[in-house]
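A short worksheet on the structure shown next.
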Amino acid sequence: MTIIDGKALSAELKAQMAAGMPQIIERYGRVPHLVVILVGENPASQTYVRNKAKGCETVGMKSTVITLPEDITEADLLQQIEALNADDSVDGILVQLPLPKHIREQKVIDTISYEKDVDGFHPMNVARLWQNKPCIVACTPKGIMEMLKAYGIVPNGKRAVVIGRSNIVGKPIAKLLLDANATVTIAHSRTEDLPSITREADILVAAIGKPKFVTADMVKDGAVIIDVGINRQEDGKLCGDVDYESVAPKASFITPVPGGVGPMTITMLLQNTIECFENRMTAR
């Protein structure tokens, strides 16, 4: 059994991005610029935003964090986004989710220019993904594909099962695995006899948001296990959607939590920012 070390791979990819930054400055006269908007004071969101800013610093990119009050109106937030859309010095815009209840998340996502949509959530990027056109791919699914590639795991001809059908992870990773010629099943909370389906998987992606949901009896010997879940247990420790202790001995490859998919998500965000920047620069 091999542990897929997302932390080490993430550090390696960041080092490559940092090494390429002088050429970017030489070619375009400046570095890519990511703007992150944080609404309210959600502690988890504050941590994520700090990590994103730190990631930008590591690779030598510019980042700006705009902190807005919890009670900002939706109209004012959208106005702020429109100003960033129009600002030529900004290459990537990210609004940290979740948002306060009075603000419609989809409306916010729709307002971000799809050319600066580093999350890959804009309907235009989603549509282009499903139409096999160039697009910005959501960070977590993109990170998973990078991990498979780095560890020589080839989905071609394999059976892949994705547990979870969210727009952020489940659906896009299913499409990327399909594009890599896997035969893909999307399972979810309403799937009947889920274990019989997951036991067929050569590659199993767990993105259901339930701690230690996937147990050893749901996994076939030699399967590749990708655990997207991040759940906090009563003792304060993090765990994934997979019961790591029981599943790991059966797996050929497995991602740990923490230190698996999580670090790759932020690294892909940095990659997407560079991609948005270069797309905008070359379109001129």
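Identifiers in this document derive from the order of the structure tokens: chains are assigned A, B, ..., residues are numbered from 1 separately in each chain, and ligands are numbered from 1 in order of occurrence.
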
List every residue of segment 197-245 of chain A that DSSP, applied to the backbone of this structure, places in alpha helix (DSSP H), and write the result as a JSON list (two decimals) with all heavy atoms, in the first residue's frame.
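The new file selection-v8.json reads:
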```json
[["chain", "number", "residue", "atom", "x", "y", "z"],
["A", 197, "ILE", "N", -21.76, -1.49, -5.20],
["A", 197, "ILE", "CA", -21.24, -0.64, -6.28],
["A", 197, "ILE", "C", -19.80, -0.21, -5.98],
["A", 197, "ILE", "O", -18.93, -0.28, -6.85],
["A", 197, "ILE", "CB", -22.16, 0.59, -6.48],
["A", 197, "ILE", "CG1", -23.48, 0.11, -7.08],
["A", 197, "ILE", "CG2", -21.51, 1.65, -7.37],
["A", 197, "ILE", "CD1", -24.59, 1.12, -7.09],
["A", 198, "THR", "N", -19.53, 0.19, -4.73],
["A", 198, "THR", "CA", -18.17, 0.65, -4.41],
["A", 198, "THR", "C", -17.15, -0.49, -4.49],
["A", 198, "THR", "O", -15.99, -0.26, -4.79],
["A", 198, "THR", "CB", -18.12, 1.30, -3.01],
["A", 198, "THR", "OG1", -18.61, 0.37, -2.04],
["A", 198, "THR", "CG2", -18.95, 2.57, -2.95],
["A", 244, "TYR", "N", -9.86, 5.24, 7.50],
["A", 244, "TYR", "CA", -8.48, 4.99, 7.03],
["A", 244, "TYR", "C", -7.89, 3.70, 7.61],
["A", 244, "TYR", "O", -7.31, 2.90, 6.89],
["A", 244, "TYR", "CB", -7.62, 6.20, 7.40],
["A", 244, "TYR", "CG", -6.22, 6.16, 6.82],
["A", 244, "TYR", "CD1", -5.96, 6.73, 5.57],
["A", 244, "TYR", "CD2", -5.16, 5.57, 7.50],
["A", 244, "TYR", "CE1", -4.69, 6.70, 5.02],
["A", 244, "TYR", "CE2", -3.88, 5.54, 6.97],
["A", 244, "TYR", "CZ", -3.66, 6.11, 5.73],
["A", 244, "TYR", "OH", -2.39, 6.07, 5.19],
["A", 245, "GLU", "N", -8.04, 3.52, 8.92],
["A", 245, "GLU", "CA", -7.40, 2.36, 9.59],
["A", 245, "GLU", "C", -7.83, 1.03, 8.98],
["A", 245, "GLU", "O", -7.02, 0.14, 8.76],
["A", 245, "GLU", "CB", -7.73, 2.35, 11.10],
["A", 245, "GLU", "CG", -7.28, 3.60, 11.85],
["A", 245, "GLU", "CD", -5.80, 3.91, 11.69],
["A", 245, "GLU", "OE1", -5.00, 2.97, 11.69],
["A", 245, "GLU", "OE2", -5.45, 5.10, 11.52]]
```

Distance table requested - segment 111-191 of chain A against segment 34-52 of chain A, cut-off 12 Å, only C-alpha atoms: one row per qualifying residue with the closest atom pair and its distance in Å to one decimal, ordered by chain and rising residue number, as JSON lines.
```
{"residue": "A:Ile112", "atom": "CA", "partner": "A:Ile37", "partner_atom": "CA", "distance": 11.5}
{"residue": "A:Lys116", "atom": "CA", "partner": "A:Leu34", "partner_atom": "CA", "distance": 9.0}
{"residue": "A:Asp117", "atom": "CA", "partner": "A:Leu34", "partner_atom": "CA", "distance": 10.2}
{"residue": "A:Val118", "atom": "CA", "partner": "A:Leu34", "partner_atom": "CA", "distance": 8.6}
{"residue": "A:Asp119", "atom": "CA", "partner": "A:Val36", "partner_atom": "CA", "distance": 10.9}
```

Restrict the selected residues to N, CA, C and O atoms and save them as an mmCIF file, in the first residue's frame.
```cif
data_model
loop_
_atom_site.group_PDB
_atom_site.id
_atom_site.type_symbol
_atom_site.label_atom_id
_atom_site.label_comp_id
_atom_site.auth_asym_id
_atom_site.auth_seq_id
_atom_site.Cartn_x
_atom_site.Cartn_y
_atom_site.Cartn_z
ATOM 1 N N ILE A 112 -18.871 36.807 -10.917
ATOM 2 C CA ILE A 112 -17.421 36.806 -11.178
ATOM 3 C C ILE A 112 -17.182 36.543 -12.668
ATOM 4 O O ILE A 112 -17.761 35.619 -13.239
ATOM 5 N N LYS A 116 -11.807 35.256 -14.874
ATOM 6 C CA LYS A 116 -11.054 35.450 -13.616
ATOM 7 C C LYS A 116 -11.520 34.466 -12.541
ATOM 8 O O LYS A 116 -11.166 34.594 -11.375
ATOM 9 N N ASP A 117 -12.307 33.492 -12.956
ATOM 10 C CA ASP A 117 -12.935 32.542 -12.033
ATOM 11 C C ASP A 117 -11.966 31.409 -11.688
ATOM 12 O O ASP A 117 -12.013 30.317 -12.257
ATOM 13 N N VAL A 118 -11.087 31.671 -10.723
ATOM 14 C CA VAL A 118 -10.040 30.695 -10.370
ATOM 15 C C VAL A 118 -10.589 29.443 -9.689
ATOM 16 O O VAL A 118 -9.921 28.406 -9.639
ATOM 17 N N ASP A 119 -11.822 29.516 -9.174
ATOM 18 C CA ASP A 119 -12.448 28.339 -8.553
ATOM 19 C C ASP A 119 -12.995 27.361 -9.592
ATOM 20 O O ASP A 119 -13.253 26.202 -9.284
#
```

Q.
Env of segment 230-233 of chain A: 7 Å cut, atoms = only C-alpha atoms, seq-sep filter 5 positions within chain, self excluded. Answer as a PyMOL selection string.
A. chain A and resi 211+238-240+257

Generate the output file for the selected residues, N, CA and C atoms, as a PDB file, in the first residue's frame.
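Writing done, so here's selection01.pdb:
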```
ATOM      1  N   PRO A 211     -18.068  11.509   8.121  1.00  0.00           N
ATOM      2  CA  PRO A 211     -16.836  10.959   8.681  1.00  0.00           C
ATOM      3  C   PRO A 211     -16.795   9.433   8.656  1.00  0.00           C
ATOM      4  N   LEU A 238      -8.887  15.706  12.803  1.00  0.00           N
ATOM      5  CA  LEU A 238      -9.517  15.638  11.483  1.00  0.00           C
ATOM      6  C   LEU A 238      -9.576  14.194  10.993  1.00  0.00           C
ATOM      7  N   CYS A 239     -10.637  13.885  10.283  1.00  0.00           N
ATOM      8  CA  CYS A 239     -10.682  12.585   9.609  1.00  0.00           C
ATOM      9  C   CYS A 239     -11.383  12.775   8.268  1.00  0.00           C
ATOM     10  N   GLY A 240     -11.238  11.795   7.401  1.00  0.00           N
ATOM     11  CA  GLY A 240     -11.846  11.881   6.084  1.00  0.00           C
ATOM     12  C   GLY A 240     -13.190  11.174   6.024  1.00  0.00           C
ATOM     13  N   VAL A 257      -5.878  11.893   5.452  1.00  0.00           N
ATOM     14  CA  VAL A 257      -6.506  13.154   5.871  1.00  0.00           C
ATOM     15  C   VAL A 257      -6.032  13.434   7.292  1.00  0.00           C
TER      16      VAL A 257
END
```

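Taking only C-alpha atoms into account, Lys142 of chain A lies nearest to A:Thr265 out of the set A:Ser166, A:Asn125, A:Thr273, A:Thr265.
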
Q: Could you give me, as a ChimeraX atom specification, each residue of segment 45-254 of chain A that DSSP assigns to strand (DSSP E or B) when run on this structure's backbone?
A: /A:62-68,92-95,117,159-163,183-187,203-206,214,224-227,231-232,238-239,242,253-254

Writer output for current selection, C-alpha atoms, as a PDB file, in the first residue's frame:
```
ATOM      1  CA  LYS A  62       0.615  38.905  -5.577  1.00  0.00           C
ATOM      2  CA  SER A  63      -2.424  38.386  -3.378  1.00  0.00           C
ATOM      3  CA  THR A  64      -4.937  40.780  -1.894  1.00  0.00           C
ATOM      4  CA  VAL A  65      -7.471  39.859   0.777  1.00  0.00           C
ATOM      5  CA  ILE A  66     -10.591  42.016   0.983  1.00  0.00           C
ATOM      6  CA  THR A  67     -12.454  41.523   4.277  1.00  0.00           C
ATOM      7  CA  LEU A  68     -16.091  42.597   4.283  1.00  0.00           C
ATOM      8  CA  GLY A  92      -8.127  35.895 -10.348  1.00  0.00           C
ATOM      9  CA  ILE A  93     -11.137  36.514  -8.101  1.00  0.00           C
ATOM     10  CA  LEU A  94     -12.257  34.139  -5.369  1.00  0.00           C
ATOM     11  CA  VAL A  95     -15.122  34.692  -2.938  1.00  0.00           C
ATOM     12  CA  ASP A 117     -12.935  32.542 -12.033  1.00  0.00           C
ATOM     13  CA  ARG A 159     -13.874   1.320 -13.173  1.00  0.00           C
ATOM     14  CA  ALA A 160     -14.176   4.494 -11.123  1.00  0.00           C
ATOM     15  CA  VAL A 161     -16.852   5.159  -8.522  1.00  0.00           C
ATOM     16  CA  VAL A 162     -17.440   8.661  -7.158  1.00  0.00           C
ATOM     17  CA  ILE A 163     -19.500   8.906  -3.952  1.00  0.00           C
ATOM     18  CA  THR A 183     -15.918   3.872 -16.778  1.00  0.00           C
ATOM     19  CA  VAL A 184     -17.539   6.088 -14.171  1.00  0.00           C
ATOM     20  CA  THR A 185     -20.414   5.572 -11.742  1.00  0.00           C
ATOM     21  CA  ILE A 186     -21.669   8.468  -9.611  1.00  0.00           C
ATOM     22  CA  ALA A 187     -23.169   7.195  -6.353  1.00  0.00           C
ATOM     23  CA  ILE A 203     -10.593   3.939  -8.252  1.00  0.00           C
ATOM     24  CA  LEU A 204     -12.901   5.093  -5.454  1.00  0.00           C
ATOM     25  CA  VAL A 205     -13.391   8.810  -4.773  1.00  0.00           C
ATOM     26  CA  ALA A 206     -15.177   9.574  -1.475  1.00  0.00           C
ATOM     27  CA  VAL A 214     -16.360   4.195   3.647  1.00  0.00           C
ATOM     28  CA  VAL A 224      -7.075   3.259  -5.307  1.00  0.00           C
ATOM     29  CA  ILE A 225      -8.781   5.307  -2.568  1.00  0.00           C
ATOM     30  CA  ILE A 226      -9.097   9.091  -2.885  1.00  0.00           C
ATOM     31  CA  ASP A 227     -10.566  10.672   0.259  1.00  0.00           C
ATOM     32  CA  ASN A 231     -14.442  16.211   9.041  1.00  0.00           C
ATOM     33  CA  ARG A 232     -13.647  17.266  12.584  1.00  0.00           C
ATOM     34  CA  LEU A 238      -9.517  15.638  11.483  1.00  0.00           C
ATOM     35  CA  CYS A 239     -10.682  12.585   9.609  1.00  0.00           C
ATOM     36  CA  VAL A 242     -12.927   6.953   4.595  1.00  0.00           C
ATOM     37  CA  PHE A 253      -2.928   3.623  -3.016  1.00  0.00           C
ATOM     38  CA  ILE A 254      -4.698   5.861  -0.501  1.00  0.00           C
TER      39      ILE A 254
END
```

Q) Leaving out segment 127-136 of chain A and any residue of its chain fewer than 2 positions from it, which residues lie within 9 Å of it when counting only C-alpha atoms, given as a count of residues only? A) 20

Q) Could you pull the residues within 12 Å of Ala11 of chain A, counting only C-alpha atoms, minus those fewer than 2 positions along the same chain, as a VMD selection string? A) chain A and resid 5 to 9 13 to 18 55 58 to 59 259 263 to 264 266 to 268

(Q) Give me, as an MDAnalysis selection string, all polymer residues having an atom no more than 10 Å from Pro32 of chain A, counting only C-alpha atoms and skipping those fewer than 3 positions away in the same chain. (A) chainID A and resid 21 24:25 28 56 60:63 89:92 270 273:278

Generate the output file for the selected residues, N, CA and C atoms, as a PDB file, in the first residue's frame.
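What follows is the written file out11.pdb:
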```
ATOM      1  N   MET A  21       8.376  31.842 -12.154  1.00  0.00           N
ATOM      2  CA  MET A  21       7.902  33.228 -11.980  1.00  0.00           C
ATOM      3  C   MET A  21       8.809  34.274 -12.647  1.00  0.00           C
ATOM      4  N   ILE A  24       7.829  34.633 -16.185  1.00  0.00           N
ATOM      5  CA  ILE A  24       6.537  35.320 -16.319  1.00  0.00           C
ATOM      6  C   ILE A  24       6.739  36.838 -16.220  1.00  0.00           C
ATOM      7  N   ILE A  25       7.579  37.259 -15.266  1.00  0.00           N
ATOM      8  CA  ILE A  25       7.854  38.701 -15.098  1.00  0.00           C
ATOM      9  C   ILE A  25       8.542  39.248 -16.352  1.00  0.00           C
ATOM     10  N   TYR A  28       5.814  39.292 -19.230  1.00  0.00           N
ATOM     11  CA  TYR A  28       4.614  40.130 -19.097  1.00  0.00           C
ATOM     12  C   TYR A  28       4.809  41.375 -18.244  1.00  0.00           C
ATOM     13  N   CYS A  56       0.266  32.021  -2.274  1.00  0.00           N
ATOM     14  CA  CYS A  56       0.666  33.034  -3.274  1.00  0.00           C
ATOM     15  C   CYS A  56       2.069  33.554  -2.975  1.00  0.00           C
ATOM     16  N   GLY A  60       5.541  33.398  -5.203  1.00  0.00           N
ATOM     17  CA  GLY A  60       5.965  34.709  -5.708  1.00  0.00           C
ATOM     18  C   GLY A  60       4.892  35.464  -6.462  1.00  0.00           C
ATOM     19  N   MET A  61       3.620  35.137  -6.173  1.00  0.00           N
ATOM     20  CA  MET A  61       2.520  35.854  -6.804  1.00  0.00           C
ATOM     21  C   MET A  61       1.983  36.923  -5.859  1.00  0.00           C
ATOM     22  N   LYS A  62       1.218  37.855  -6.415  1.00  0.00           N
ATOM     23  CA  LYS A  62       0.615  38.905  -5.577  1.00  0.00           C
ATOM     24  C   LYS A  62      -0.766  38.435  -5.111  1.00  0.00           C
ATOM     25  N   SER A  63      -1.065  38.686  -3.837  1.00  0.00           N
ATOM     26  CA  SER A  63      -2.424  38.386  -3.378  1.00  0.00           C
ATOM     27  C   SER A  63      -2.960  39.532  -2.551  1.00  0.00           C
ATOM     28  N   SER A  89      -5.603  44.979 -13.343  1.00  0.00           N
ATOM     29  CA  SER A  89      -4.448  44.461 -12.585  1.00  0.00           C
ATOM     30  C   SER A  89      -4.800  43.195 -11.798  1.00  0.00           C
ATOM     31  N   VAL A  90      -6.081  42.800 -11.831  1.00  0.00           N
ATOM     32  CA  VAL A  90      -6.547  41.611 -11.106  1.00  0.00           C
ATOM     33  C   VAL A  90      -6.751  40.461 -12.099  1.00  0.00           C
ATOM     34  N   ASP A  91      -6.136  39.306 -11.808  1.00  0.00           N
ATOM     35  CA  ASP A  91      -6.227  38.161 -12.727  1.00  0.00           C
ATOM     36  C   ASP A  91      -7.164  37.062 -12.239  1.00  0.00           C
ATOM     37  N   GLY A  92      -7.261  36.927 -10.914  1.00  0.00           N
ATOM     38  CA  GLY A  92      -8.127  35.895 -10.348  1.00  0.00           C
ATOM     39  C   GLY A  92      -8.956  36.457  -9.220  1.00  0.00           C
ATOM     40  N   LEU A 270      -3.550  28.142  -7.155  1.00  0.00           N
ATOM     41  CA  LEU A 270      -2.421  28.964  -7.610  1.00  0.00           C
ATOM     42  C   LEU A 270      -2.177  28.725  -9.104  1.00  0.00           C
ATOM     43  N   THR A 273      -4.762  30.492 -11.083  1.00  0.00           N
ATOM     44  CA  THR A 273      -4.517  31.940 -11.141  1.00  0.00           C
ATOM     45  C   THR A 273      -3.511  32.263 -12.238  1.00  0.00           C
ATOM     46  N   ILE A 274      -2.463  31.447 -12.318  1.00  0.00           N
ATOM     47  CA  ILE A 274      -1.456  31.638 -13.376  1.00  0.00           C
ATOM     48  C   ILE A 274      -2.106  31.427 -14.758  1.00  0.00           C
ATOM     49  N   GLU A 275      -2.969  30.417 -14.832  1.00  0.00           N
ATOM     50  CA  GLU A 275      -3.650  30.111 -16.101  1.00  0.00           C
ATOM     51  C   GLU A 275      -4.561  31.274 -16.522  1.00  0.00           C
ATOM     52  N   CYS A 276      -5.334  31.811 -15.575  1.00  0.00           N
ATOM     53  CA  CYS A 276      -6.210  32.963 -15.875  1.00  0.00           C
ATOM     54  C   CYS A 276      -5.376  34.149 -16.350  1.00  0.00           C
ATOM     55  N   PHE A 277      -4.271  34.390 -15.655  1.00  0.00           N
ATOM     56  CA  PHE A 277      -3.348  35.484 -15.992  1.00  0.00           C
ATOM     57  C   PHE A 277      -2.820  35.315 -17.422  1.00  0.00           C
ATOM     58  N   GLU A 278      -2.298  34.116 -17.720  1.00  0.00           N
ATOM     59  CA  GLU A 278      -1.704  33.894 -19.060  1.00  0.00           C
ATOM     60  C   GLU A 278      -2.762  33.950 -20.161  1.00  0.00           C
TER      61      GLU A 278
END
```

Q: Can you work out which one of A:Ala83, A:Asp241, A:Ile173, A:Asn167 has the shortest atom-to-atom distance to Glu146 of chain A, counting only C-alpha atoms?
A: A:Ile173

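Between atom CA of Glu82 of chain A and atom CA of Ser113 of chain A lies a distance of 8.2 Å.
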